[in-house]
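Have a look at the structure below, then the notes.
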Amino acid sequence: MLEIKNLDVWYGGIHAVKNLSMSIGKGEIVTLIGANGAGKSSAIRAVAGLVKEASGSVTYIARDGGAVSILGKPPEYMVKMGISLSPEGRRILPHLTVEENLTLGAYSRRDKAGIARDMETGYSLFPKLKQRRKQKGGTLSGGEQQMLAVARALMSHPDLLMLDEPSLGLAPILVDEVFGTIEKINEEGRTILLVEQNAFAALKIAHKAYVLETGSITLSGTGAELLQDPKVQAAYLGG
Amino acid sequence: MFMQHFINALGLGSLYGLIAIGYTMVYGILRLINFAHGDIFMLGAYFVFFATIQYKLPWALGVFIAVMGAILSGLLVDLIAYKPLRDAPRISALISAIGVSFFIENASMVAFTARPQAVIQPKQLVEAFSVGDIRLVPLNIIVPAISFVLVGMLLWMIYRTKRGLAMRSISHDIETTRLMGVSVNRIIALTFAIGSGLAAVAGIMWALRYPKVEPLMGFTPGFKAFIAAVFGGVGSVPGAMLGGLALGFIEIMSVAFFPTLSGYKDAFAFVLLVIILLVKPTGLMGEKSEDKI
Ligand SMILES: Nc1ncnc2c1ncn2[C@@H]1O[C@H](COP(=O)(O)OP(=O)(O)O)[C@@H](O)[C@H]1O
Ligand SMILES: [Mg+2]
């Protein structure tokens, strides 16, 4: 569904992503793991259209089955094509209510009935959000904000959902809850690209995984393979 | 007598408020003081002058042309002077704003001549009538009435529609708003269009009130409206209207009750600005955080 080939990302003189290639099949959960500063966000942000200096190719198989080259297109185009990113740090709009945050997520759509339906789906995935729907985003706890960020990213009805460090700053019990929901979202037919520092949580649910070190992919395999890999265990799993 | 002053102040204040909204909305989204805003106000007044006095078109059509012309001018200013500098340091856009304002003012002096031109007021607007012992001029009632209706519509748009939601979102976090599928440049253009349209309406009503147009007529009202926007809390639309009304009342009432001070009336606004910046830099309804220019 998404084929990234030889992706390079620069910030002026900083070469943040080097010759990265990844392939994400329809219906998969694919994870990109790596330490802080490895270039994970840069890679995923390039796919979302937020990075200015990027080269290589990103090919996306759209809903109608046609392959389109999307690198360099603006974020609003990606959203229209069915790609959605829940950014690092959640980026909830603190002065808008939960419901307004979700409505904003559906900005690209016109089908009122479908939007209402998806809002209910979001609330059923994260029942806590429903109780708080008239509350300002800034008053939510960290975990609730993360749930809102995921629910909001789903409001554009994406085929490919990209998540940048959904475990960031969450207590372990909440990480389990959020990752459980990510699996559920995947089972309902959505493809997921998951960027994580929390390698253990990510590898447990991933079908396929890539390890990123200082901008380059150094290892790849199935989630289960990498969980057993001694190098991965030493570097990312504290074993 | 007090009623007269009250209505006068309401009229002047709502005009300041209408102009202030353009400053505050653009600042809220781009963190930019659009110095050319007062000149858009002036252009609106000239467009209506040319359409109705020069070309003798009916007023309704003249107003429509003036508002459209001002909106187009506002969009052009954004396109030429600000859009290429979106990612540049803020000071560059600010300098560009000052430059474009000078340009419009000087080009207008060449195109329209620097000489003030009289605006012939339609009779129905200025024939006074009495209610009890109060003499009322229709224009003085129409000005605040139109202003309040427009502000009401704008608030509805900001708080009840999708585009309004996008505006409120952009002013906090442009990048995240883009991730939601919002075309930010379109929302910015919409903001300039709304601000310019309101400035044009204010310019038209101003030209009818004083009744004349001149190329630098935007300078003082523009500056005062800017102060009104700061007073109300930059970024807040209700705040801009309140700030405008406050300024209108201060100006009219001080001159009414201390006629000896009338020579200083333009100075009151500046005194007010200094006081706000010292006492409450965020204004009446401004956001708490965030760096301002
Ligand atoms: N906006 C930016 N400007 C300059 N350098 C950046 C910017 N964003 C990220 N970087 C640099 O790029 C590298 C990769 O960062 P990032 O993609 O955020 O890594 P990760 O998400 O894996 O923590 C880091 O060295 C970081 O300092
Ligand atoms: Mg990151």
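Letters A, B, ... mark the chains of the structure tokens in the order given; residue numbers begin at 1 per chain; ligand numbers begin at 1, in order shown.
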Need the shell around Asp164 in chain A: protein/DNA/RNA residues with any atom at most 12 Å away, counting only C-alpha atoms. Skip same-chain ones fewer than 2 positions apart. Format as a ChimeraX atom specification? /A:31-34,39-45,47-48,84-91,146,149-150,153,161-162,166-168,192-198,202
Write the residues of the selection above to a file with N, CA, C and O atoms, as a short mmCIF file (atom, residue, chain, number, x, y, z; two decimals), in the first residue's frame.
data_model
loop_
_atom_site.label_atom_id
_atom_site.label_comp_id
_atom_site.auth_asym_id
_atom_site.auth_seq_id
_atom_site.Cartn_x
_atom_site.Cartn_y
_atom_site.Cartn_z
N THR A 31 6.10 -1.38 11.95
CA THR A 31 6.66 -0.44 12.90
C THR A 31 8.08 -0.04 12.52
O THR A 31 8.83 -0.82 11.92
N LEU A 32 8.40 1.19 12.84
CA LEU A 32 9.74 1.71 12.64
C LEU A 32 10.22 2.09 14.03
O LEU A 32 9.67 3.00 14.66
N ILE A 33 11.22 1.32 14.54
CA ILE A 33 11.69 1.61 15.89
C ILE A 33 13.10 2.18 15.85
O ILE A 33 13.83 2.02 14.87
N GLY A 34 13.47 2.85 16.90
CA GLY A 34 14.80 3.45 16.97
C GLY A 34 14.88 4.39 18.15
O GLY A 34 13.86 4.79 18.70
N GLY A 39 15.70 9.58 13.62
CA GLY A 39 15.14 10.06 12.36
C GLY A 39 13.76 9.49 12.07
O GLY A 39 13.24 9.65 10.96
N LYS A 40 13.15 8.87 13.06
CA LYS A 40 11.83 8.25 12.86
C LYS A 40 10.78 9.28 12.50
O LYS A 40 10.03 9.11 11.52
N SER A 41 10.73 10.34 13.30
CA SER A 41 9.71 11.37 13.03
C SER A 41 9.95 12.02 11.67
O SER A 41 9.01 12.28 10.93
N SER A 42 11.22 12.25 11.37
CA SER A 42 11.52 12.87 10.07
C SER A 42 10.99 12.02 8.93
O SER A 42 10.43 12.55 7.96
N ALA A 43 11.16 10.70 9.04
CA ALA A 43 10.70 9.82 7.97
C ALA A 43 9.18 9.87 7.83
O ALA A 43 8.63 10.05 6.73
N ILE A 44 8.49 9.74 8.96
CA ILE A 44 7.03 9.67 8.91
C ILE A 44 6.44 11.03 8.51
O ILE A 44 5.44 11.13 7.79
N ARG A 45 7.12 12.10 8.93
CA ARG A 45 6.66 13.44 8.58
C ARG A 45 6.88 13.73 7.09
O ARG A 45 6.11 14.48 6.48
N VAL A 47 6.50 11.47 4.80
CA VAL A 47 5.37 10.81 4.15
C VAL A 47 4.10 11.65 4.31
O VAL A 47 3.28 11.73 3.39
N ALA A 48 3.97 12.32 5.46
CA ALA A 48 2.76 13.12 5.71
C ALA A 48 2.78 14.46 4.98
O ALA A 48 1.77 15.17 4.98
N SER A 84 -3.27 9.43 7.17
CA SER A 84 -3.49 10.32 8.30
C SER A 84 -2.37 10.12 9.32
O SER A 84 -1.92 9.00 9.53
N LEU A 85 -1.90 11.22 9.90
CA LEU A 85 -0.82 11.11 10.89
C LEU A 85 -1.27 11.66 12.24
O LEU A 85 -1.78 12.78 12.32
N SER A 86 -1.08 10.85 13.28
CA SER A 86 -1.23 11.35 14.63
C SER A 86 0.17 11.73 15.10
O SER A 86 1.01 10.87 15.28
N PRO A 87 0.44 13.03 15.25
CA PRO A 87 1.83 13.47 15.41
C PRO A 87 2.41 13.20 16.80
O PRO A 87 1.68 12.94 17.75
N GLU A 88 3.74 13.25 16.85
CA GLU A 88 4.44 13.08 18.12
C GLU A 88 4.01 14.17 19.10
O GLU A 88 3.84 15.33 18.72
N GLY A 89 3.83 13.77 20.33
CA GLY A 89 3.44 14.76 21.34
C GLY A 89 1.95 15.09 21.32
O GLY A 89 1.52 16.05 21.93
N ARG A 90 1.18 14.30 20.56
CA ARG A 90 -0.30 14.35 20.51
C ARG A 90 -0.85 15.60 19.84
O ARG A 90 -1.80 15.51 19.09
N ARG A 91 -0.30 16.77 20.19
CA ARG A 91 -0.73 18.01 19.55
C ARG A 91 -2.25 18.19 19.54
O ARG A 91 -2.85 18.57 18.52
N GLN A 146 -3.79 11.26 24.30
CA GLN A 146 -3.29 10.33 23.29
C GLN A 146 -4.44 9.63 22.60
O GLN A 146 -4.43 9.44 21.38
N ALA A 149 -5.91 11.98 20.22
CA ALA A 149 -5.07 12.15 19.03
C ALA A 149 -5.30 11.01 18.03
O ALA A 149 -5.39 11.23 16.82
N VAL A 150 -5.43 9.78 18.54
CA VAL A 150 -5.66 8.64 17.66
C VAL A 150 -7.07 8.74 17.06
O VAL A 150 -7.26 8.59 15.84
N ALA A 153 -7.17 11.33 14.38
CA ALA A 153 -6.54 10.91 13.13
C ALA A 153 -7.44 9.96 12.35
O ALA A 153 -7.34 9.86 11.13
N LEU A 161 -3.09 4.64 8.60
CA LEU A 161 -2.99 5.44 9.81
C LEU A 161 -1.55 5.43 10.29
O LEU A 161 -0.99 4.35 10.53
N MET A 162 -0.96 6.60 10.41
CA MET A 162 0.42 6.66 10.89
C MET A 162 0.43 7.26 12.30
O MET A 162 -0.21 8.28 12.56
N PRO A 166 2.90 6.86 19.99
CA PRO A 166 1.70 6.96 20.82
C PRO A 166 1.95 6.58 22.28
O PRO A 166 1.13 6.90 23.14
N SER A 167 3.08 5.92 22.60
CA SER A 167 3.32 5.51 23.99
C SER A 167 4.02 6.59 24.79
O SER A 167 4.19 6.46 26.00
N LEU A 168 4.42 7.67 24.12
CA LEU A 168 5.23 8.70 24.76
C LEU A 168 4.57 9.24 26.02
O LEU A 168 3.46 9.74 26.00
N ILE A 192 -1.47 0.19 9.29
CA ILE A 192 -0.89 1.05 10.31
C ILE A 192 0.63 1.13 10.19
O ILE A 192 1.31 0.10 10.05
N LEU A 193 1.14 2.36 10.18
CA LEU A 193 2.58 2.58 10.27
C LEU A 193 2.84 3.22 11.63
O LEU A 193 2.37 4.32 11.92
N LEU A 194 3.57 2.47 12.46
CA LEU A 194 3.74 2.85 13.86
C LEU A 194 5.20 3.19 14.12
O LEU A 194 6.08 2.34 13.93
N VAL A 195 5.46 4.42 14.52
CA VAL A 195 6.82 4.82 14.87
C VAL A 195 6.93 4.77 16.38
O VAL A 195 6.07 5.28 17.08
N GLU A 196 7.97 4.09 16.90
CA GLU A 196 8.06 3.94 18.35
C GLU A 196 9.48 3.90 18.88
O GLU A 196 10.40 3.41 18.22
N GLN A 197 9.65 4.43 20.09
CA GLN A 197 10.88 4.19 20.85
C GLN A 197 10.68 2.99 21.75
O GLN A 197 11.63 2.30 22.10
N ASN A 198 9.42 2.78 22.15
CA ASN A 198 9.08 1.65 23.00
C ASN A 198 9.04 0.39 22.13
O ASN A 198 7.99 -0.06 21.68
N ALA A 202 5.85 -2.10 20.61
CA ALA A 202 5.60 -2.01 19.17
C ALA A 202 5.82 -3.36 18.49
O ALA A 202 5.00 -3.80 17.67
#
Compile the contact shell of range 55-72 of chain A as a ChimeraX atom specification: residues with an atom at most 9 Å away, counting only C-alpha atoms, same-chain residues fewer than 5 positions apart removed. /A:1-10,19-20,46-50,77-78,81-82,159
Would you put the residues from that selection into a file with N, CA and C atoms, as a PDB file, in the first residue's frame?
ATOM      1  N   MET A   1       0.831  -1.206   0.000  1.00  0.00           N
ATOM      2  CA  MET A   1       0.000   0.000   0.000  1.00  0.00           C
ATOM      3  C   MET A   1       0.870   1.262   0.000  1.00  0.00           C
ATOM      4  N   LEU A   2       2.037   1.184   0.690  1.00  0.00           N
ATOM      5  CA  LEU A   2       2.978   2.302   0.677  1.00  0.00           C
ATOM      6  C   LEU A   2       4.374   1.753   0.451  1.00  0.00           C
ATOM      7  N   GLU A   3       5.063   2.334  -0.531  1.00  0.00           N
ATOM      8  CA  GLU A   3       6.408   1.884  -0.866  1.00  0.00           C
ATOM      9  C   GLU A   3       7.342   3.091  -0.776  1.00  0.00           C
ATOM     10  N   ILE A   4       8.235   3.057   0.218  1.00  0.00           N
ATOM     11  CA  ILE A   4       9.190   4.160   0.366  1.00  0.00           C
ATOM     12  C   ILE A   4      10.521   3.687  -0.197  1.00  0.00           C
ATOM     13  N   LYS A   5      11.082   4.462  -1.138  1.00  0.00           N
ATOM     14  CA  LYS A   5      12.356   4.052  -1.749  1.00  0.00           C
ATOM     15  C   LYS A   5      13.380   5.158  -1.636  1.00  0.00           C
ATOM     16  N   ASN A   6      14.519   4.819  -1.065  1.00  0.00           N
ATOM     17  CA  ASN A   6      15.669   5.734  -0.992  1.00  0.00           C
ATOM     18  C   ASN A   6      15.311   7.125  -0.493  1.00  0.00           C
ATOM     19  N   LEU A   7      14.593   7.156   0.609  1.00  0.00           N
ATOM     20  CA  LEU A   7      14.165   8.447   1.157  1.00  0.00           C
ATOM     21  C   LEU A   7      15.314   9.125   1.907  1.00  0.00           C
ATOM     22  N   ASP A   8      15.570  10.376   1.551  1.00  0.00           N
ATOM     23  CA  ASP A   8      16.527  11.202   2.289  1.00  0.00           C
ATOM     24  C   ASP A   8      15.815  12.433   2.810  1.00  0.00           C
ATOM     25  N   VAL A   9      16.100  12.796   4.044  1.00  0.00           N
ATOM     26  CA  VAL A   9      15.535  14.020   4.611  1.00  0.00           C
ATOM     27  C   VAL A   9      16.670  14.874   5.159  1.00  0.00           C
ATOM     28  N   TRP A  10      16.631  16.139   4.825  1.00  0.00           N
ATOM     29  CA  TRP A  10      17.645  17.093   5.280  1.00  0.00           C
ATOM     30  C   TRP A  10      16.996  18.226   6.045  1.00  0.00           C
ATOM     31  N   ASN A  19      18.728   7.345   2.843  1.00  0.00           N
ATOM     32  CA  ASN A  19      18.495   6.236   1.934  1.00  0.00           C
ATOM     33  C   ASN A  19      17.558   5.179   2.519  1.00  0.00           C
ATOM     34  N   LEU A  20      16.462   5.640   3.100  1.00  0.00           N
ATOM     35  CA  LEU A  20      15.545   4.718   3.773  1.00  0.00           C
ATOM     36  C   LEU A  20      14.563   4.091   2.777  1.00  0.00           C
ATOM     37  N   ALA A  46       7.904  13.115   6.519  1.00  0.00           N
ATOM     38  CA  ALA A  46       8.111  13.273   5.075  1.00  0.00           C
ATOM     39  C   ALA A  46       6.945  12.633   4.325  1.00  0.00           C
ATOM     40  N   VAL A  47       6.503  11.474   4.800  1.00  0.00           N
ATOM     41  CA  VAL A  47       5.372  10.809   4.153  1.00  0.00           C
ATOM     42  C   VAL A  47       4.101  11.653   4.307  1.00  0.00           C
ATOM     43  N   ALA A  48       3.972  12.323   5.459  1.00  0.00           N
ATOM     44  CA  ALA A  48       2.761  13.118   5.710  1.00  0.00           C
ATOM     45  C   ALA A  48       2.776  14.461   4.985  1.00  0.00           C
ATOM     46  N   GLY A  49       3.922  14.814   4.392  1.00  0.00           N
ATOM     47  CA  GLY A  49       3.986  16.063   3.632  1.00  0.00           C
ATOM     48  C   GLY A  49       4.417  17.271   4.448  1.00  0.00           C
ATOM     49  N   LEU A  50       5.036  17.016   5.595  1.00  0.00           N
ATOM     50  CA  LEU A  50       5.414  18.149   6.454  1.00  0.00           C
ATOM     51  C   LEU A  50       6.873  18.569   6.313  1.00  0.00           C
ATOM     52  N   TYR A  77      -3.312  17.096   0.852  1.00  0.00           N
ATOM     53  CA  TYR A  77      -3.441  16.111  -0.227  1.00  0.00           C
ATOM     54  C   TYR A  77      -3.374  14.695   0.335  1.00  0.00           C
ATOM     55  N   MET A  78      -2.413  14.486   1.243  1.00  0.00           N
ATOM     56  CA  MET A  78      -2.262  13.156   1.847  1.00  0.00           C
ATOM     57  C   MET A  78      -3.567  12.737   2.540  1.00  0.00           C
ATOM     58  N   MET A  81      -6.049  11.603   0.173  1.00  0.00           N
ATOM     59  CA  MET A  81      -5.710  10.305  -0.400  1.00  0.00           C
ATOM     60  C   MET A  81      -5.972   9.158   0.568  1.00  0.00           C
ATOM     61  N   GLY A  82      -6.193   9.491   1.840  1.00  0.00           N
ATOM     62  CA  GLY A  82      -6.459   8.433   2.811  1.00  0.00           C
ATOM     63  C   GLY A  82      -5.297   8.121   3.731  1.00  0.00           C
ATOM     64  N   ASP A 159      -7.100   5.151   5.100  1.00  0.00           N
ATOM     65  CA  ASP A 159      -6.750   3.758   4.824  1.00  0.00           C
ATOM     66  C   ASP A 159      -5.437   3.424   5.506  1.00  0.00           C
TER      67      ASP A 159
END
For Met253 in chain B: contacts at 9 Å, only C-alpha atoms, fewer than 4 positions along chain excluded, given as an NGL selection string: :B and (5-6 or 9 or 248-249 or 257-258)
Give me every strand (DSSP E) residue in range 18-259 of chain B, going by DSSP on the backbone, as a PyMOL selection string. chain B and resi 117-118+129-131+134-136+212-213
Go ahead and write the selection's residues with all heavy atoms as a PDB file, in the first residue's frame.
ATOM      1  N   GLN B 117     -11.647  64.879  -1.366  1.00  0.00           N
ATOM      2  CA  GLN B 117     -12.807  65.057  -2.243  1.00  0.00           C
ATOM      3  C   GLN B 117     -14.076  64.849  -1.444  1.00  0.00           C
ATOM      4  O   GLN B 117     -14.150  63.945  -0.619  1.00  0.00           O
ATOM      5  CB  GLN B 117     -12.756  64.031  -3.376  1.00  0.00           C
ATOM      6  CG  GLN B 117     -11.358  63.927  -3.953  1.00  0.00           C
ATOM      7  CD  GLN B 117     -11.350  63.781  -5.441  1.00  0.00           C
ATOM      8  OE1 GLN B 117     -12.087  64.485  -6.124  1.00  0.00           O
ATOM      9  NE2 GLN B 117     -10.519  62.901  -5.939  1.00  0.00           N
ATOM     10  N   ALA B 118     -15.035  65.702  -1.713  1.00  0.00           N
ATOM     11  CA  ALA B 118     -16.281  65.650  -0.943  1.00  0.00           C
ATOM     12  C   ALA B 118     -17.135  64.460  -1.374  1.00  0.00           C
ATOM     13  O   ALA B 118     -17.225  64.142  -2.559  1.00  0.00           O
ATOM     14  CB  ALA B 118     -17.057  66.938  -1.131  1.00  0.00           C
ATOM     15  N   PHE B 129     -34.382  63.328  12.285  1.00  0.00           N
ATOM     16  CA  PHE B 129     -35.761  63.210  12.758  1.00  0.00           C
ATOM     17  C   PHE B 129     -35.719  63.200  14.283  1.00  0.00           C
ATOM     18  O   PHE B 129     -34.661  63.016  14.878  1.00  0.00           O
ATOM     19  CB  PHE B 129     -36.435  61.957  12.195  1.00  0.00           C
ATOM     20  CG  PHE B 129     -35.786  60.670  12.629  1.00  0.00           C
ATOM     21  CD1 PHE B 129     -36.285  59.950  13.702  1.00  0.00           C
ATOM     22  CD2 PHE B 129     -34.662  60.183  11.944  1.00  0.00           C
ATOM     23  CE1 PHE B 129     -35.687  58.765  14.087  1.00  0.00           C
ATOM     24  CE2 PHE B 129     -34.065  58.988  12.342  1.00  0.00           C
ATOM     25  CZ  PHE B 129     -34.577  58.281  13.407  1.00  0.00           C
ATOM     26  N   SER B 130     -36.862  63.466  14.887  1.00  0.00           N
ATOM     27  CA  SER B 130     -36.892  63.585  16.344  1.00  0.00           C
ATOM     28  C   SER B 130     -37.617  62.411  16.977  1.00  0.00           C
ATOM     29  O   SER B 130     -38.635  61.954  16.466  1.00  0.00           O
ATOM     30  CB  SER B 130     -37.589  64.881  16.765  1.00  0.00           C
ATOM     31  OG  SER B 130     -36.905  65.967  16.189  1.00  0.00           O
ATOM     32  N   VAL B 131     -37.069  61.940  18.075  1.00  0.00           N
ATOM     33  CA  VAL B 131     -37.771  60.970  18.914  1.00  0.00           C
ATOM     34  C   VAL B 131     -37.835  61.627  20.285  1.00  0.00           C
ATOM     35  O   VAL B 131     -36.819  61.786  20.953  1.00  0.00           O
ATOM     36  CB  VAL B 131     -37.012  59.640  19.000  1.00  0.00           C
ATOM     37  CG1 VAL B 131     -37.771  58.660  19.882  1.00  0.00           C
ATOM     38  CG2 VAL B 131     -36.768  59.077  17.615  1.00  0.00           C
ATOM     39  N   ILE B 134     -34.987  64.031  21.441  1.00  0.00           N
ATOM     40  CA  ILE B 134     -33.690  63.670  20.867  1.00  0.00           C
ATOM     41  C   ILE B 134     -33.765  63.776  19.353  1.00  0.00           C
ATOM     42  O   ILE B 134     -34.696  63.257  18.731  1.00  0.00           O
ATOM     43  CB  ILE B 134     -33.298  62.218  21.234  1.00  0.00           C
ATOM     44  CG1 ILE B 134     -33.389  62.019  22.748  1.00  0.00           C
ATOM     45  CG2 ILE B 134     -31.898  61.907  20.737  1.00  0.00           C
ATOM     46  CD1 ILE B 134     -33.291  60.566  23.134  1.00  0.00           C
ATOM     47  N   ARG B 135     -32.786  64.470  18.765  1.00  0.00           N
ATOM     48  CA  ARG B 135     -32.725  64.547  17.310  1.00  0.00           C
ATOM     49  C   ARG B 135     -31.773  63.469  16.811  1.00  0.00           C
ATOM     50  O   ARG B 135     -30.646  63.355  17.278  1.00  0.00           O
ATOM     51  CB  ARG B 135     -32.232  65.918  16.839  1.00  0.00           C
ATOM     52  CG  ARG B 135     -33.091  67.025  17.376  1.00  0.00           C
ATOM     53  CD  ARG B 135     -33.638  68.060  16.405  1.00  0.00           C
ATOM     54  NE  ARG B 135     -33.112  68.163  15.064  1.00  0.00           N
ATOM     55  CZ  ARG B 135     -33.888  68.023  13.984  1.00  0.00           C
ATOM     56  NH1 ARG B 135     -35.166  67.720  14.111  1.00  0.00           N
ATOM     57  NH2 ARG B 135     -33.372  68.193  12.797  1.00  0.00           N
ATOM     58  N   LEU B 136     -32.272  62.662  15.890  1.00  0.00           N
ATOM     59  CA  LEU B 136     -31.443  61.553  15.411  1.00  0.00           C
ATOM     60  C   LEU B 136     -31.170  61.679  13.920  1.00  0.00           C
ATOM     61  O   LEU B 136     -32.061  62.066  13.158  1.00  0.00           O
ATOM     62  CB  LEU B 136     -32.142  60.222  15.680  1.00  0.00           C
ATOM     63  CG  LEU B 136     -32.271  59.814  17.148  1.00  0.00           C
ATOM     64  CD1 LEU B 136     -33.122  58.565  17.267  1.00  0.00           C
ATOM     65  CD2 LEU B 136     -30.904  59.611  17.777  1.00  0.00           C
ATOM     66  N   LYS B 212     -16.023  62.935   3.265  1.00  0.00           N
ATOM     67  CA  LYS B 212     -14.945  63.154   2.284  1.00  0.00           C
ATOM     68  C   LYS B 212     -14.035  61.924   2.208  1.00  0.00           C
ATOM     69  O   LYS B 212     -14.080  61.052   3.080  1.00  0.00           O
ATOM     70  CB  LYS B 212     -14.118  64.381   2.670  1.00  0.00           C
ATOM     71  CG  LYS B 212     -13.467  64.229   4.019  1.00  0.00           C
ATOM     72  CD  LYS B 212     -12.554  65.392   4.351  1.00  0.00           C
ATOM     73  CE  LYS B 212     -11.909  65.158   5.719  1.00  0.00           C
ATOM     74  NZ  LYS B 212     -11.120  66.229   6.217  1.00  0.00           N
ATOM     75  N   VAL B 213     -13.227  61.867   1.151  1.00  0.00           N
ATOM     76  CA  VAL B 213     -12.199  60.832   1.043  1.00  0.00           C
ATOM     77  C   VAL B 213     -10.862  61.511   0.755  1.00  0.00           C
ATOM     78  O   VAL B 213     -10.828  62.543   0.078  1.00  0.00           O
ATOM     79  CB  VAL B 213     -12.499  59.808  -0.087  1.00  0.00           C
ATOM     80  CG1 VAL B 213     -13.661  58.910   0.299  1.00  0.00           C
ATOM     81  CG2 VAL B 213     -12.769  60.500  -1.412  1.00  0.00           C
TER      82      VAL B 213
END
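CA of Gly137 in chain A sits 4.4 Å away from CA of Pro94 in chain A.
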Have a look at B:Met205, B:Ala166, B:Val274, B:Val67 and name the one nearest to chain A; count only C-alpha atoms. B:Ala166
Can you list every residue of range 4-91 of chain A that has an atom at most 10 Å from range 203-208 of chain A, with its nearest atom pair and the distance in Å to one decimal, using only C-alpha atoms, ordered by chain then number, as a Markdown table?
| residue | atom | partner | partner_atom | distance |
| --- | --- | --- | --- | --- |
| A:Ser23 | CA | A:Lys208 | CA | 9.3 |
| A:Ile24 | CA | A:Lys208 | CA | 8.3 |
| A:Gly25 | CA | A:Lys208 | CA | 9.4 |
| A:Gly27 | CA | A:His207 | CA | 9.7 |
| A:Glu28 | CA | A:His207 | CA | 6.2 |
| A:Ile29 | CA | A:Ala206 | CA | 5.0 |
| A:Val30 | CA | A:Lys208 | CA | 4.8 |
| A:Thr31 | CA | A:Ala206 | CA | 6.1 |
| A:Leu32 | CA | A:Lys208 | CA | 8.9 |
| A:Ile33 | CA | A:Leu203 | CA | 8.6 |
Helix (DSSP H, G or I) call set, DSSP backbone run, range 23-169 of chain B, as a count of residues only: 111
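Residues of chain B lying within 6 Å of chain A, counting only C-alpha atoms, are Arg178, Leu179, Met180, Gly181 and Val182 of chain B.
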May I have the residues within 10 Å of Leu245 in chain B as a PyMOL selection string, using only C-alpha atoms and disregarding those fewer than 5 positions away in the same chain? chain B and resi 9-18+144+225+228+232+239-240+250-251
Set the distance at 12 Å and use only C-alpha atoms: which residues neighbour Val237 in chain B once local chain neighbours fewer than 5 positions away are removed? I'd like the list as a ChimeraX atom specification. /B:17-28,150-159,164,167-168,191,194-195,228-232,242-244,284-287
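Of the listed residues (A:Glu165, A:Lys184, A:Val232, A:Thr97), A:Glu165 comes nearest to ligand 1; the distances count only C-alpha atoms and all ligand atoms.
Look at Glu127 in chain B: the protein and nucleic acid residues within 12 Å of it, using only C-alpha atoms and passing over chain neighbours fewer than 6 places away, are B:Gln121, B:Arg135, B:Leu136, B:Val137, B:Pro138, B:Leu139, B:Asn140.
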Same residues, C-alpha atoms, output as a PDB file, in the first residue's frame:
ATOM      1  CA  GLN B 121     -24.380  62.057   1.288  1.00  0.00           C
ATOM      2  CA  ARG B 135     -32.725  64.547  17.310  1.00  0.00           C
ATOM      3  CA  LEU B 136     -31.443  61.553  15.411  1.00  0.00           C
ATOM      4  CA  VAL B 137     -29.586  61.277  12.129  1.00  0.00           C
ATOM      5  CA  PRO B 138     -30.308  57.953  10.386  1.00  0.00           C
ATOM      6  CA  LEU B 139     -26.652  57.499   9.432  1.00  0.00           C
ATOM      7  CA  ASN B 140     -25.618  57.561  13.078  1.00  0.00           C
TER       8      ASN B 140
END
From the list B:Ile71, B:Phe148, B:Ala128, B:Ala60, which residue is nearest Pro238 in chain B when using only C-alpha atoms? B:Phe148
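Closest approach to Phe103 in chain B from the set B:Ala81, B:Val149, B:Ile29, B:Leu278 is made by B:Ala81, with distances taken over only C-alpha atoms.
What separates CA of Phe268 in chain B from CA of Pro221 in chain B is a distance of 12.9 Å.
Nearest residue to Thr222 in chain A, choosing from A:Tyr210, A:Leu129, A:Gly13, A:Asp118 and counting only C-alpha atoms: A:Tyr210.
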